[in-house]
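Raw start.pdb, PDB, C-alpha atoms:
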```pdb
ATOM      1  CA  MET F   1       0.000   0.000   0.000
ATOM      2  CA  ARG F   2       2.816   2.358   0.959
ATOM      3  CA  ARG F   3       4.578   1.666  -2.373
ATOM      4  CA  LEU F   4       1.322   2.409  -4.241
ATOM      5  CA  LEU F   5       0.903   5.709  -2.366
ATOM      6  CA  LEU F   6       4.525   6.728  -3.069
ATOM      7  CA  SER F   7       4.091   5.874  -6.763
ATOM      8  CA  PHE F   8       0.930   7.977  -6.898
ATOM      9  CA  LEU F   9       2.588  10.949  -5.187
ATOM     10  CA  LEU F  10       5.654  10.738  -7.424
ATOM     11  CA  GLY F  11       3.487  10.521 -10.545
ATOM     12  CA  SER F  12       1.368  13.453  -9.377
ATOM     13  CA  SER F  13       4.383  15.674  -8.747
ATOM     14  CA  ILE F  14       5.831  14.827 -12.182
ATOM     15  CA  ALA F  15       2.490  15.603 -13.820
ATOM     16  CA  LEU F  16       2.246  18.910 -11.949
ATOM     17  CA  SER F  17       5.809  19.809 -12.936
ATOM     18  CA  ALA F  18       4.995  19.111 -16.576
ATOM     19  CA  CYS F  19       1.886  21.303 -16.382
ATOM     20  CA  HIS F  20       3.861  24.100 -14.760
ATOM     21  CA  GLU F  21       6.474  24.058 -17.523
ATOM     22  CA  LYS F  22       3.778  24.453 -20.201
ATOM     23  CA  ALA F  23       2.090  27.439 -18.529
ATOM     24  CA  PRO F  24       2.257  30.645 -20.565
ATOM     25  CA  ALA F  25       5.049  33.007 -19.564
ATOM     26  CA  ALA F  26       2.754  36.018 -19.468
ATOM     27  CA  SER F  27      -0.327  35.648 -17.315
ATOM     28  CA  SER F  28      -2.256  37.748 -14.854
ATOM     29  CA  ALA F  29      -2.955  37.250 -11.171
ATOM     30  CA  PHE F  30      -6.322  35.863 -12.335
ATOM     31  CA  ALA F  31      -4.608  33.187 -14.488
ATOM     32  CA  LEU F  32      -5.505  34.875 -17.766
ATOM     33  CA  LYS F  33      -3.057  35.260 -20.612
ATOM     34  CA  THR F  34      -1.821  38.807 -21.111
ATOM     35  CA  SER F  35      -0.626  40.850 -24.045
ATOM     36  CA  GLN F  36       1.581  43.933 -24.052
ATOM     37  CA  LEU F  37      -0.309  46.580 -26.020
ATOM     38  CA  THR F  38       0.898  49.908 -27.338
ATOM     39  CA  ILE F  39      -1.827  52.527 -27.670
ATOM     40  CA  GLY F  40      -0.426  55.647 -29.242
ATOM     41  CA  LYS F  41       2.785  55.995 -27.197
ATOM     42  CA  GLU F  42       1.375  54.334 -24.077
ATOM     43  CA  LYS F  43       2.249  50.774 -22.961
ATOM     44  CA  VAL F  44      -0.483  48.655 -21.381
ATOM     45  CA  THR F  45      -0.652  45.120 -19.999
ATOM     46  CA  ALA F  46      -4.000  43.672 -21.054
ATOM     47  CA  GLU F  47      -5.552  40.466 -19.824
ATOM     48  CA  ILE F  48      -6.997  38.515 -22.737
ATOM     49  CA  ALA F  49     -10.662  37.477 -22.693
ATOM     50  CA  ASP F  50     -11.045  35.202 -25.708
ATOM     51  CA  THR F  51     -13.223  32.329 -24.510
ATOM     52  CA  PRO F  52     -16.960  32.426 -23.738
ATOM     53  CA  GLU F  53     -16.184  32.046 -20.014
ATOM     54  CA  THR F  54     -13.563  34.806 -19.796
ATOM     55  CA  MET F  55     -15.642  37.104 -21.976
ATOM     56  CA  GLN F  56     -18.717  36.604 -19.793
ATOM     57  CA  THR F  57     -16.826  37.237 -16.545
ATOM     58  CA  GLY F  58     -14.589  40.062 -17.766
ATOM     59  CA  LEU F  59     -13.620  42.347 -14.873
ATOM     60  CA  MET F  60     -16.586  41.405 -12.661
ATOM     61  CA  TYR F  61     -16.082  41.474  -8.895
ATOM     62  CA  ARG F  62     -12.685  43.184  -9.026
ATOM     63  CA  ARG F  63     -12.114  46.146  -6.743
ATOM     64  CA  THR F  64      -8.941  47.588  -8.277
ATOM     65  CA  MET F  65      -6.900  47.544 -11.463
ATOM     66  CA  PRO F  66      -3.474  49.154 -11.955
ATOM     67  CA  ASP F  67      -3.509  52.279 -14.135
ATOM     68  CA  ASP F  68      -1.458  50.686 -16.912
ATOM     69  CA  HIS F  69      -3.589  47.513 -17.073
ATOM     70  CA  GLY F  70      -6.781  46.603 -18.879
ATOM     71  CA  MET F  71      -8.672  43.748 -20.502
ATOM     72  CA  ILE F  72      -8.900  43.040 -24.231
ATOM     73  CA  PHE F  73     -11.899  41.084 -25.482
ATOM     74  CA  VAL F  74     -11.328  39.195 -28.741
ATOM     75  CA  PHE F  75     -14.627  38.530 -30.489
ATOM     76  CA  PRO F  76     -15.011  35.270 -32.464
ATOM     77  CA  GLU F  77     -16.333  37.233 -35.463
ATOM     78  CA  LEU F  78     -17.083  40.825 -36.417
ATOM     79  CA  ARG F  79     -20.127  42.009 -34.488
ATOM     80  CA  ARG F  80     -22.098  44.832 -32.977
ATOM     81  CA  ALA F  81     -20.497  44.801 -29.557
ATOM     82  CA  SER F  82     -22.489  45.482 -26.422
ATOM     83  CA  PHE F  83     -21.299  45.526 -22.835
ATOM     84  CA  TRP F  84     -22.915  46.166 -19.487
ATOM     85  CA  MET F  85     -21.471  46.611 -16.009
ATOM     86  CA  HIS F  86     -23.341  43.845 -14.178
ATOM     87  CA  ASN F  87     -21.318  42.923 -11.049
ATOM     88  CA  THR F  88     -18.497  45.192 -12.227
ATOM     89  CA  ASN F  89     -17.342  47.516  -9.457
ATOM     90  CA  LEU F  90     -14.717  49.468 -11.400
ATOM     91  CA  PRO F  91     -15.582  52.613 -13.359
ATOM     92  CA  LEU F  92     -14.348  51.786 -16.861
ATOM     93  CA  ASP F  93     -13.920  53.145 -20.351
ATOM     94  CA  ILE F  94     -14.763  50.684 -23.110
ATOM     95  CA  ALA F  95     -13.063  51.206 -26.462
ATOM     96  CA  TYR F  96     -14.449  49.324 -29.455
ATOM     97  CA  LEU F  97     -11.823  48.423 -32.072
ATOM     98  CA  ASP F  98     -12.052  47.246 -35.657
ATOM     99  CA  ARG F  99     -10.081  44.266 -37.015
ATOM    100  CA  THR F 100      -7.070  46.489 -37.838
ATOM    101  CA  GLY F 101      -6.808  47.576 -34.185
ATOM    102  CA  ARG F 102      -8.086  51.101 -34.745
ATOM    103  CA  VAL F 103     -10.161  52.523 -31.881
ATOM    104  CA  ARG F 104     -13.524  53.446 -33.352
ATOM    105  CA  GLU F 105     -15.464  54.435 -30.199
ATOM    106  CA  ILE F 106     -14.823  55.066 -26.512
ATOM    107  CA  HIS F 107     -17.664  54.863 -23.974
ATOM    108  CA  ALA F 108     -17.681  55.605 -20.243
ATOM    109  CA  ALA F 109     -19.291  52.841 -18.182
ATOM    110  CA  THR F 110     -20.820  53.250 -14.729
ATOM    111  CA  PRO F 111     -20.147  50.558 -12.099
ATOM    112  CA  LEU F 112     -22.977  48.061 -11.530
ATOM    113  CA  ASP F 113     -25.145  49.601 -14.297
ATOM    114  CA  ASP F 114     -27.006  46.953 -16.320
ATOM    115  CA  THR F 115     -27.765  49.354 -19.183
ATOM    116  CA  PRO F 116     -26.246  47.988 -22.431
ATOM    117  CA  ILE F 117     -23.474  50.020 -24.072
ATOM    118  CA  PRO F 118     -23.655  49.036 -27.756
ATOM    119  CA  SER F 119     -21.218  49.888 -30.526
ATOM    120  CA  ALA F 120     -22.541  52.107 -33.305
ATOM    121  CA  THR F 121     -21.666  49.591 -36.036
ATOM    122  CA  ALA F 122     -21.584  45.825 -36.476
ATOM    123  CA  ASP F 123     -17.922  45.485 -37.485
ATOM    124  CA  MET F 124     -16.140  45.431 -34.129
ATOM    125  CA  ALA F 125     -13.396  42.826 -33.587
ATOM    126  CA  TYR F 126     -12.176  43.819 -30.112
ATOM    127  CA  ALA F 127     -13.177  45.722 -27.004
ATOM    128  CA  LEU F 128     -10.613  47.176 -24.618
ATOM    129  CA  GLU F 129     -11.596  48.008 -21.041
ATOM    130  CA  MET F 130      -9.418  50.486 -19.144
ATOM    131  CA  ASN F 131      -9.916  52.454 -15.936
ATOM    132  CA  GLN F 132     -12.323  55.308 -16.572
ATOM    133  CA  GLY F 133     -10.550  58.444 -17.744
ATOM    134  CA  TRP F 134      -7.422  56.575 -18.925
ATOM    135  CA  PHE F 135      -7.895  57.443 -22.608
ATOM    136  CA  GLN F 136      -8.591  61.110 -21.841
ATOM    137  CA  LYS F 137      -5.648  61.326 -19.398
ATOM    138  CA  HIS F 138      -3.318  60.168 -22.185
ATOM    139  CA  GLY F 139      -4.942  62.282 -24.912
ATOM    140  CA  LEU F 140      -6.117  59.212 -26.844
ATOM    141  CA  LYS F 141      -9.222  59.452 -29.009
ATOM    142  CA  PRO F 142     -11.034  57.379 -31.632
ATOM    143  CA  GLY F 143      -8.715  56.821 -34.574
ATOM    144  CA  VAL F 144      -5.676  55.801 -32.489
ATOM    145  CA  SER F 145      -4.164  52.402 -33.347
ATOM    146  CA  VAL F 146      -3.538  49.621 -30.861
ATOM    147  CA  GLN F 147      -0.478  47.437 -31.493
ATOM    148  CA  GLY F 148       0.207  43.991 -29.994
ATOM    149  CA  LEU F 149      -3.369  42.710 -30.153
ATOM    150  CA  PRO F 150      -4.017  38.970 -30.059
ATOM    151  CA  PRO F 151      -4.856  37.702 -33.557
ATOM    152  CA  PHE F 152      -8.448  38.172 -34.644
ATOM    153  CA  PRO F 153      -9.903  34.645 -35.133
ATOM    154  CA  ALA F 154     -10.949  35.276 -38.745
ATOM    155  CA  ALA F 155      -7.330  36.198 -39.525
ATOM    156  CA  ARG F 156      -5.837  33.012 -38.020
TER     157      ARG F 156
END
```

Would you write the structure of this file as structure tokens?
Amino acid sequence: MRRLLLSFLLGSSIALSACHEKAPAASSAFALKTSQLTIGKEKVTAEIADTPETMQTGLMYRRTMPDDHGMIFVFPELRRASFWMHNTNLPLDIAYLDRTGRVREIHAATPLDDTPIPSATADMAYALEMNQGWFQKHGLKPGVSVQGLPPFPAAR
């Protein structure tokens, strides 16, 4: 029995070591992949929401976010984007981006407000959430390009 238990523990630690080695180098405290974005001249670390689960949860329940951090949502196809602030405690700006990474719209979002915030057009590929006022603080407006975005699925 003891030999069986030792074999199990040894096998488990090897399996865990193998999983650890395959983990992505860049990840957030919430175990999401991250991407280093450049917006105008500003550098940002963005958590990547690119699965139905991460897109649904987004920044819900978080109380703080560093000034130079955000979350990039990668849509599975071009769409009319729409966000709400259900269970989201942070005041945010939501920038809608086209497939080239150009910011097309920026909307202020009120914490815990369930009112939808739709994009004006149906050709959005990404949404970038930043702390409210971040774009204005850095003088960034619609038309600015975002570099370092995860690939848009249709372009893969």

Note to self: With distances taken over only C-alpha atoms, which residue among F:Phe75, F:Ser119, F:Ile106, F:Pro150 lies nearest Gln136 in chain F?
What the structure shows: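 Among F:Phe75, F:Ser119, F:Ile106, F:Pro150, it is F:Ile106 that comes nearest to Gln136 in chain F.
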
Next item on the list: Could you state which residues are captured by the PyMOL selection byres ((chain F and resi 135) around 10) in this file, as a ChimeraX atom specification?
Entry: /F:39,42,93-95,106,130-134,136-142

Note to self: Residues proximal to (-25.1, 47.0, -23.2) were defined as those with any atom within 7 Å of that point in the file's coordinates, counting only C-alpha atoms. Which are they, as a list in words?
What the structure shows: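 The residues near that point, listed by chain and number, are Ser82, Phe83, Trp84, Thr115, Pro116, Ile117 and Pro118 of chain F.
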
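If you look at CA of Leu90 in chain F and CA of Lys41 in chain F, they are 24.5 Å away from each other.
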
Note to self: Using all atoms listed in the file and a cutoff of 8 Å, can you tell me which residues are near (-14.3, 43.0, -32.0) in the file's coordinates, and write them out as a PyMOL selection string?
What the structure shows: chain F and resi 73-79+81+96-99+123-127

Notebook entry, point to check: Which distance in Å separates CA of Ile48 in chain F and CA of Gln36 in chain F, to one decimal?
Noted result: 10.2 Å

Check: What is the CA of Pro66 in chain F to CA of Ala49 in chain F distance in Å?
Finding: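 Going from CA of Pro66 in chain F over to CA of Ala49 in chain F covers 17.4 Å.
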
Check: Quick one: residues within 10 Å of Gly58 in chain F, only C-alpha atoms counted, chain neighbours fewer than 4 positions away excluded, as an NGL selection string?
Finding: :F and (47-50 or 52-54 or 62 or 71-73 or 85 or 87-88 or 129)

Next item on the list: Between F:Val144, F:Leu37, F:Met55, F:Leu92, single out the one closest to Leu112 in chain F, counting all atoms listed in the file.
Entry: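 Checking each of F:Val144, F:Leu37, F:Met55, F:Leu92 against Leu112 in chain F, counting all atoms listed in the file, the winner is F:Leu92.
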
Notebook entry, point to check: Which is closest to Pro151 in chain F among F:Pro91, F:Asp114, F:Ser35, F:Met60, if we use all atoms listed in the file?
Noted result: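 Smallest separation from Pro151 in chain F among the options: F:Ser35.
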
Show me, as JSON, the centre and edge lengths in Å to one decimal of the axis-aligned box that covers every listed atom of range 142-156 of chain F with 3 Å on each side.
```
{"center_x": -5.4, "center_y": 45.2, "center_z": -34.8, "size_x": 17.2, "size_y": 30.4, "size_z": 15.5}
```

Checklist line | Top pick for closest residue to Thr45 in chain F, considering F:Gly148, F:Gly101, F:Pro111, F:Gly143 and counting all atoms listed in the file | finding: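 Of the candidates, the smallest distance to Thr45 in chain F is held by F:Gly148.
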